[in-house]
Number of protein chains: 2
Amino acid sequence: MNKLKLGRNAVMAIILIIGLLIGLVGCNAKTPTNTTNQAAAGTPAAWVAPGQLDTHYMFASGGQSGNLIVWGIPSMRILRQIPVYNVYAPTGFGFTPETKKMLGDKTWGDVHHPIASQTQGAYDGKFIWVNDKANSRVAQVDLNRFETTQILDIPNMVGFHCLTTDPESKYLFCATEFSLPIAEGQKNAYAPLQNYTGEYYGIITALKTNRDKVQPGQPGQVSISYQLLAPPYEYDISSAGKGAADGLVFFTNYNSEMATSDIEKNSTTLPLDLTLVVDYNAAQKLADAGTYDQVVNGVKIIDPRKHPGIAYLLPIAKNPHGVDVSPDGKWIVYSSKLDPVVTIISTEKLKKAIASKNFEKTTWGLPVLKEADLQEAQIQVGVGPLHTQFDDQGYAYTSLFVESAVTKWQLGSWKVIDKQPVNYNVGHVAVPGGDSMKPFGHWLVALNKASLKRFLPVGPSYPVSEQLFDISGSSKMTLVNETPSEREPHYASIFPANLIKPISVYPKDESRPNSIWSEDKAKIVRNGNQVTVYMLTIRSHFKPDTIEVNQGDHVTIYLTNIEQQPGMTHGIGMSGYNINVPADPGQTVQVDFTADKPGTFPFYCTNFCSAMHEEMAGYFLVKPKS
Amino acid sequence: MNKLKLGRNAVMAIILIIGLLIGLVGCNAKTPTNTTNQAAAGTPAAWVAPGQLDTHYMFASGGQSGNLIVWGIPSMRILRQIPVYNVYAPTGFGFTPETKKMLGDKTWGDVHHPIASQTQGAYDGKFIWVNDKANSRVAQVDLNRFETTQILDIPNMVGFHCLTTDPESKYLFCATEFSLPIAEGQKNAYAPLQNYTGEYYGIITALKTNRDKVQPGQPGQVSISYQLLAPPYEYDISSAGKGAADGLVFFTNYNSEMATSDIEKNSTTLPLDLTLVVDYNAAQKLADAGTYDQVVNGVKIIDPRKHPGIAYLLPIAKNPHGVDVSPDGKWIVYSSKLDPVVTIISTEKLKKAIASKNFEKTTWGLPVLKEADLQEAQIQVGVGPLHTQFDDQGYAYTSLFVESAVTKWQLGSWKVIDKQPVNYNVGHVAVPGGDSMKPFGHWLVALNKASLKRFLPVGPSYPVSEQLFDISGSSKMTLVNETPSEREPHYASIFPANLIKPISVYPKDESRPNSIWSEDKAKIVRNGNQVTVYMLTIRSHFKPDTIEVNQGDHVTIYLTNIEQQPGMTHGIGMSGYNINVPADPGQTVQVDFTADKPGTFPFYCTNFCSAMHEEMAGYFLVKPKS
C-alpha cells in the first residue's frame with residue numbers, strides 16, 4: 001500500500017498544479033487540433049433538417065437560471081424552458097397564487113441534479129426530480145404537462161449537490177454538501193466554527209416520492225421520511241444501488257479532513273477520503289418502527305452511531321466526486337477527482353464484508369471498511385475523473401475534468417477502449433438511461449464547464465458548452481455536435497423521444513371549478529369588496545373585456561382559454577399590477593390581487609394568436625376612492 | 001376609388017375568417033408538403049460543425065422572458081441570454097444594488113422591439129435599445145459588455161409596441177399602443193371609458209440617446225426630450241425616415257374607429273386607418289425653444305393641433321402593422337394586416353403634398369393627406385402582410401401572417417419575385433441591417449408565432465419558431481434552418497459577426513474604487529454596525545473565506561475576481577440571504593444586505609472554475625443578538 005500511496009501523492013501534486021492551470025491547458029493548447037478533427041466528423045450524424053424531429057429529449061439542469069432546460073438531441077436545440085425555482089413570465093410561473101406560494105420569497109435557485117423517475121429500474125418518462133443546491137429544495141416536474149408541480153424545502157440541511165432514486169423511484173436520497181449545526185426552529189443554526197467537529201453535522205435525507213398518489217398535472221406529494229446524522233464532511237454525489245446492490249445507497253465526499261478554511265488546500269491532505277455507504281432498508285425500518293433519536297424541525301433524525309447496521313465508511317482515493325452503480329449493480333465505480341483512477345468496488349465483496357463485520361477501524365463512531373478487500377479493479381482513465389455513465393453494450397464512460405476528455409472503458413475486462421477530447425473541462429456526462437438498469441446508449445453528452453473560442457464572443461460572461469458524441473460504435477466515440485449553454489449544466493437525463501408522452505391541450509372540462517366555456521357564462525360578481533371575474537378567451541378577444549372596480553377591492557380573475565387547438569395559447573398581461581399569466585388551450589388560470597392603485601389599466605393578450613391578436617385587449621378601471 | 005374599396009371589403013371579409021382559422025390553416029394543412037421541401041433544402045447551408053463559428057449575430061426579443069436573446073446564425077444556437085427586465089441569477093442581474101435599482105418592483109417585462117444603434121445610417125454595433133411593451137420602459141444594452149446599462153420608465157404612456165431611431169441614433173421614437181388619460185402624479189390616470197374620445201390620448205415620445213456621453217460599460221444616458229399628443233388610436237410600428245425621408249417619422253395604428261370594447265370587431269369597420277406622420281425636426285425645434293403646451297410628470301408635452309407643421313394623418317388600408325422605409329428613403333412601405341397589399345408611398349410626393357398644404361380634410365385637429373396623390377404603387381403580396389425588410393440588392397421581403405409565407409418583391413419594378421411558406425404565422429422578419437440604409441442581405445429570419453408539429457412535443461405550452469432563409473440568390477429564397485423559440489420573438493437585429501467587438505475580460509484596474517488585487521489587501525472593516533468586506537477570488541478560493549458579524553449588522557461585500565483568463569468567472573452564492581452574484585474575470589461586484597438572521601451561512605463558488613471548484617466555499621456567520 002505504501003508504494004501505491006507514494007505513487008498517488010506524486011501524481012496528486014502534479015494534478016493540483018494542472019488543476020490550477022486548467023484554463024490555460026484546456027483553453028489554449030487544444031483549440032486548433034480539436035477544431036479540425038471535429039469539423040470533419042460533425043456534419044452527417046447530428047443535422048436535423050427543418051421539418052424533421054429530434055430522436056431524443058435531454059432534460060438538463062439550467063443552473064442559476066433556476067430552469068430545467070429541455071434540449072432536442074441530436075440537434076442540440078432548446079425545445080422548452082421549464083421554470084422550477086425562478087419567476088418566469090413566459091409560463092406565468094410565479095404569477096398565479098399556487099406558483100407564488102411554491103417559490104416563496106426566494107428569487108433564485110441552483111438547479112443542479114435532475115433525476116428521472118424509474119419503474120423496474122428503467123426510465124418511465126413520468127417525472128423529473130431536481131434539487132436546488134443553494135436553498136436545499138427538491139422539486140417535482142411533471143412530464144405529462146412539462147411543469148413544476150411541487151417544491152419542498154428540506155429542514156436541517158443547507159446546500160446539497162445531488163439526488164438519487166431507487167429502481168422503483170419509491171425514495172429519493174440526498175446529502176449535505178455543507179455541514180451545519182442543527183437546531184429547532186432554524187434553517188441555519190449558529191455555532192462557532194472552532195466547534196466544527198463537535199457541533200456541525202452532515203445530514204442524509206431520505207424522501208418518499210409517494211408517486212402512486214399523484215395524478216398527471218396534480219401537485220407532487222414528495223415528503224420527508226427521515227434524516228441520518230453523518231460526519232461533517234462535504235458530500236457530493238449519491239447513487240442508489242440497483243440489481244445486486246439494491247438496498248444500498250452510496251455517497252462521495254471531500255473534506256474528510258474536516259477543514260473549515262482554505263478548504264482548497266486543507267481538504268486534500270489525506271490520501272483517502274472516507275465515503276459513506278447506507279443500508280436504506282435498515283434505516284427505513286427504524287423510521288417506520290418509530291425508532292429515532294430526535295425530532296428537529298419536524299423531521300425524525302436517526303444517529304447511525306447508535307444503530308449498527310445502517311451506515312459504513314469506505315475509504316476511497318482522493319476527493320472522489322462521482323459514484324456510479326453499473327446497470328446490473330455488481331460494480332460500484334468511484335471517480336477520484338485528484339487521482340487519475342476510477343476504483344471499482346465489488347458489490348459481492350462489499351456485502352460479504354458488511355455481513356462478516358470485517359472492519360478496519362471505527363471513525364466518527366462508524367465502522368470503516370477495508371477498501372483493499374473490496375476493490376475489484378482500478379483503471380487508469382486519465383487526469384481528473386469526475387463521473388461515469390453506462391451504455392447498453394457493457395461499456396462505461398468517465399469524464400476527465402482536468403484532462404478535458406472522456407474515457408470509454410469496458411466493464412469486466414476493465415480495459416480502456418477510447419479517449420476523446422472535449423472543449424473544455426467536462427463535469428458530468430449523460431447517456432440515455434445511463435444511470436439506470438436499462439441504458440439506451442447511442443449518444444453521450446459531455447456537459448462542459450468552459451467553452452473558450454468555441455462560439456462567437458459574447459462579452460466577459462462566457463457560455464459553457466454541451467458536446468454530443470455518437471457512441472454507437474464498438475470502439476471510437478465521435479463528436480457530432482455542440483452548443484453553448486447557460487451556466488452550469490450540471491447533469492442531465494436523456495430519453496428516447498417515444499418515452500415522453502405529454503398532453504397537447506388541457507381537456508375541456510366543464511366541471512372544473514371556476515371555469516366557463518361559453519360567452520354567456522362570462523360575468524363579474526361582486527361580494528362586498530371581493531370582485532370575482534369569470535373570464536374566457538378565444539381568438540381573439542377576452543370576455544368580459546371591460547372590468548371596473550373600486551379602489552381597494554380585492555379582485556380574482558378566473559381566465560379559461562376555451563380553445564382546443566394545440567398551441568393556441570392566450571395570456572393576460574397588465575401593466576401597473578405586475579400581472580402576466582398565460583392560459584394554454586383548455587386551461588383555467590387564476591389571477592389574484594388588490595386593486596389599491598386607482599386608474600385605467602389596459603390589459604392585452606401576451607401570446608400572438610391570430611391576425612387580430614393585437615386587437616385582443618381590454619380595460620381594467622379602478623375608480624378612485626375620493 | 002369606390003371600385004377599389006369594394007374589392008377591398010370583399011377581400012377583408014375573407015381575410016377575417018381566415019384570420020380566425022389560422023390555427024387550422026397554418027398548422028394542419030401545410031405540414032407534409034413543407035416538411036418534405038425543406039428537409040432536402042436544409043442540410044448544407046446552415047450546418048456549423050463543432051469548432052466552427054457562426055457568421056452572424058442575431059439579437060432577438062425574448063418576449064415575456066424579459067431577456068434579449070443572442071442567437072448565432074446560421075446555426076440558430078443561443079449564444080447568450082442578456083437579462084433586461086427580469087431578475088436573472090446567472091449574470092447576477094437583480095442581485096447587485098445597481099441592477100436591483102434598475103428593475104425596481106417589477107418582476108416581468110415584455111421585451112418587444114430591439115433596435116440597433118446606427119452611424120451614418122448603418123449598424124455600428126455599439127448599442128441595442130429595446131422596449132418593455134407592458135410597462136413602457138426603454139432599456140439600453142451595451143454591446144461592448146453584452147449587458148443592460150439603463151432602464152428608463154416613460155411617464156404618461158402605458159404600453160408601446162415599438163422603437164425606432166434616426167440614421168445617427170441621436171433620437172428614439174415610440175408611440176402608445178394603448179391610449180390613456182394623462183394626469184400629474186399618475187402613471188395610469190382614471191377617466192370613464194365613455195369619455196374616451198375626449199379624455200384619452202395617444203402619446204408620441206421622443207427620446208435623446210445622448211450616446212456621445214457614454215463610455216463602454218457605463219450607465220446609459222437616454223433621456224426624454226418631449227411628448228406629442230396624438231389621437232386615441234392604437235399605435236403599432238414606428239419607423240424613422242432616412243435618406244430622402246430624413247427628418248420624418250412614420251407610425252401605423254389600428255382602431256382609428258376609437259372603439260373601447262370588442263376591439264377585435266369594432267376596430268375593423270373603416271376601410272382606411274389614419275396613420276401618423278411626424279416632422280421630428282420641427283417638433284424638436286419647438287421643444288428646444290421652450291415652446292410646449294403643458295408639462296405633465298416632468299415631461300414637456302406639445303399639442304400638434306396648436307402647432308401646424310408637426311403632424312399629419314395619412315389614410316392607409318386596413319389596420320396596417322408595418323411601416324418600413326426603403327434604404328434610400330424614397331419609398332415608405334405600409335403593410336395592411338387586413339388587406340392583401342403593401343402600399344408604397346412616394347417620399348417625394350409626400351413632401352410636396354406637405355409643402356403645398358394639399359390636404360383632404362382635418363381630423364382630430366390634424367391635416368389629413370390624400371393617400372391617392374401619394375401612392376406610388378400597391379403590390380398584391382398575399383394575405384395578412386405585417387412587416388417588410390430590405391436587402392442590399394434592391395429587394396424587399398414582406399411577412400404574411402395569415403398566409404404563413406414571406407413574399408420577395410423588387411423595389412422600383414414593384415414585381416413579386418418569390419413567395420415561400422413558413423411554419424407558421426410569421427410576424428416580423430429580420431434581414432441583417434434590413435431596417436437601415438446599409439442592409440447586408442444574405443439571410444432572412446422569419447420570426448413565427450406558431451410551431452405545431454415542427455418539434456418534439458413539450459406539453460400544452462408550445463414553443464414558437466424562428467426559420468432561417470438563404471436570400472443570397474436573385475430569385476428564390478431557400479429555407480435552411482429552424483429552431484424553436486421562447487414566446488415571443490417579436491423582432492430582431494442581425495449583424496455580421498465582425499461588427500460586434502465585445503471585451504473578453506474586464507481589464508485589471510487597481511484604481512477602481514473598492515477593488516483589491518492581492519491577497520494581502522483582503523480585509524474586513526467594521527465601522528459601527530457597517531461591516532465592509534474587501535474580498536478577492538481566484539482559482540479556487542475566496543479571501544477572506546470566513547466572515548463573522550453580529551446580528552443586525554449591515555454588510556457590504558466588494559468581490560473582485562482577479563483572474564485575467566477569459567471565461568474564468570467565479571461567483572458567490574449564499575443561501576439564507578438570497579445572494580447570487582457572479583464576478584467575471586477582472587470585475588468587481590458589490591453585495592449589500594442586512595444580517596438580520598442569525599446563524600451559519602455557507603457560501604460557495606457558483607461558476608465551475610477548476611478541479612478544486614467544489615472546495616471553493618466559505619462560511620458567513622451571524623452571531624445571535626442574545
# chains A, B, ... in the order shown; residues from 1 in each chain; ligands from 1
call {"tool": "select_by_dssp", "arguments": {"residues": "range 145-328 of chain A", "states": "helix (DSSP H, G or I)", "output": "JSON, numbers by chain"}}
result
{"A": [193, 194, 195, 196, 197, 198, 199, 211, 212, 213, 243, 244, 245, 263, 264, 265, 266, 280, 281, 282, 283, 284, 285, 286, 287, 288, 304, 305, 306]}
call {"tool": "atom_distance", "arguments": {"atom1": "CA of Gln186 in chain B", "atom2": "CA of Pro598 in chain A"}}
result
9.1 Å
call {"tool": "select_by_dssp", "arguments": {"residues": "range 78-162 of chain A", "states": "strand (DSSP E)", "output": "number ranges by chain"}}
result
A: 78-83, 115-119, 122-132, 137-142, 147-153, 158-160
call {"tool": "closest_residue", "arguments": {"among": "B:Ile471, B:Ala134, B:Leu350, B:Met568", "to": "Pro582 in chain B", "atoms": "only C-alpha atoms"}}
result
B:Met568
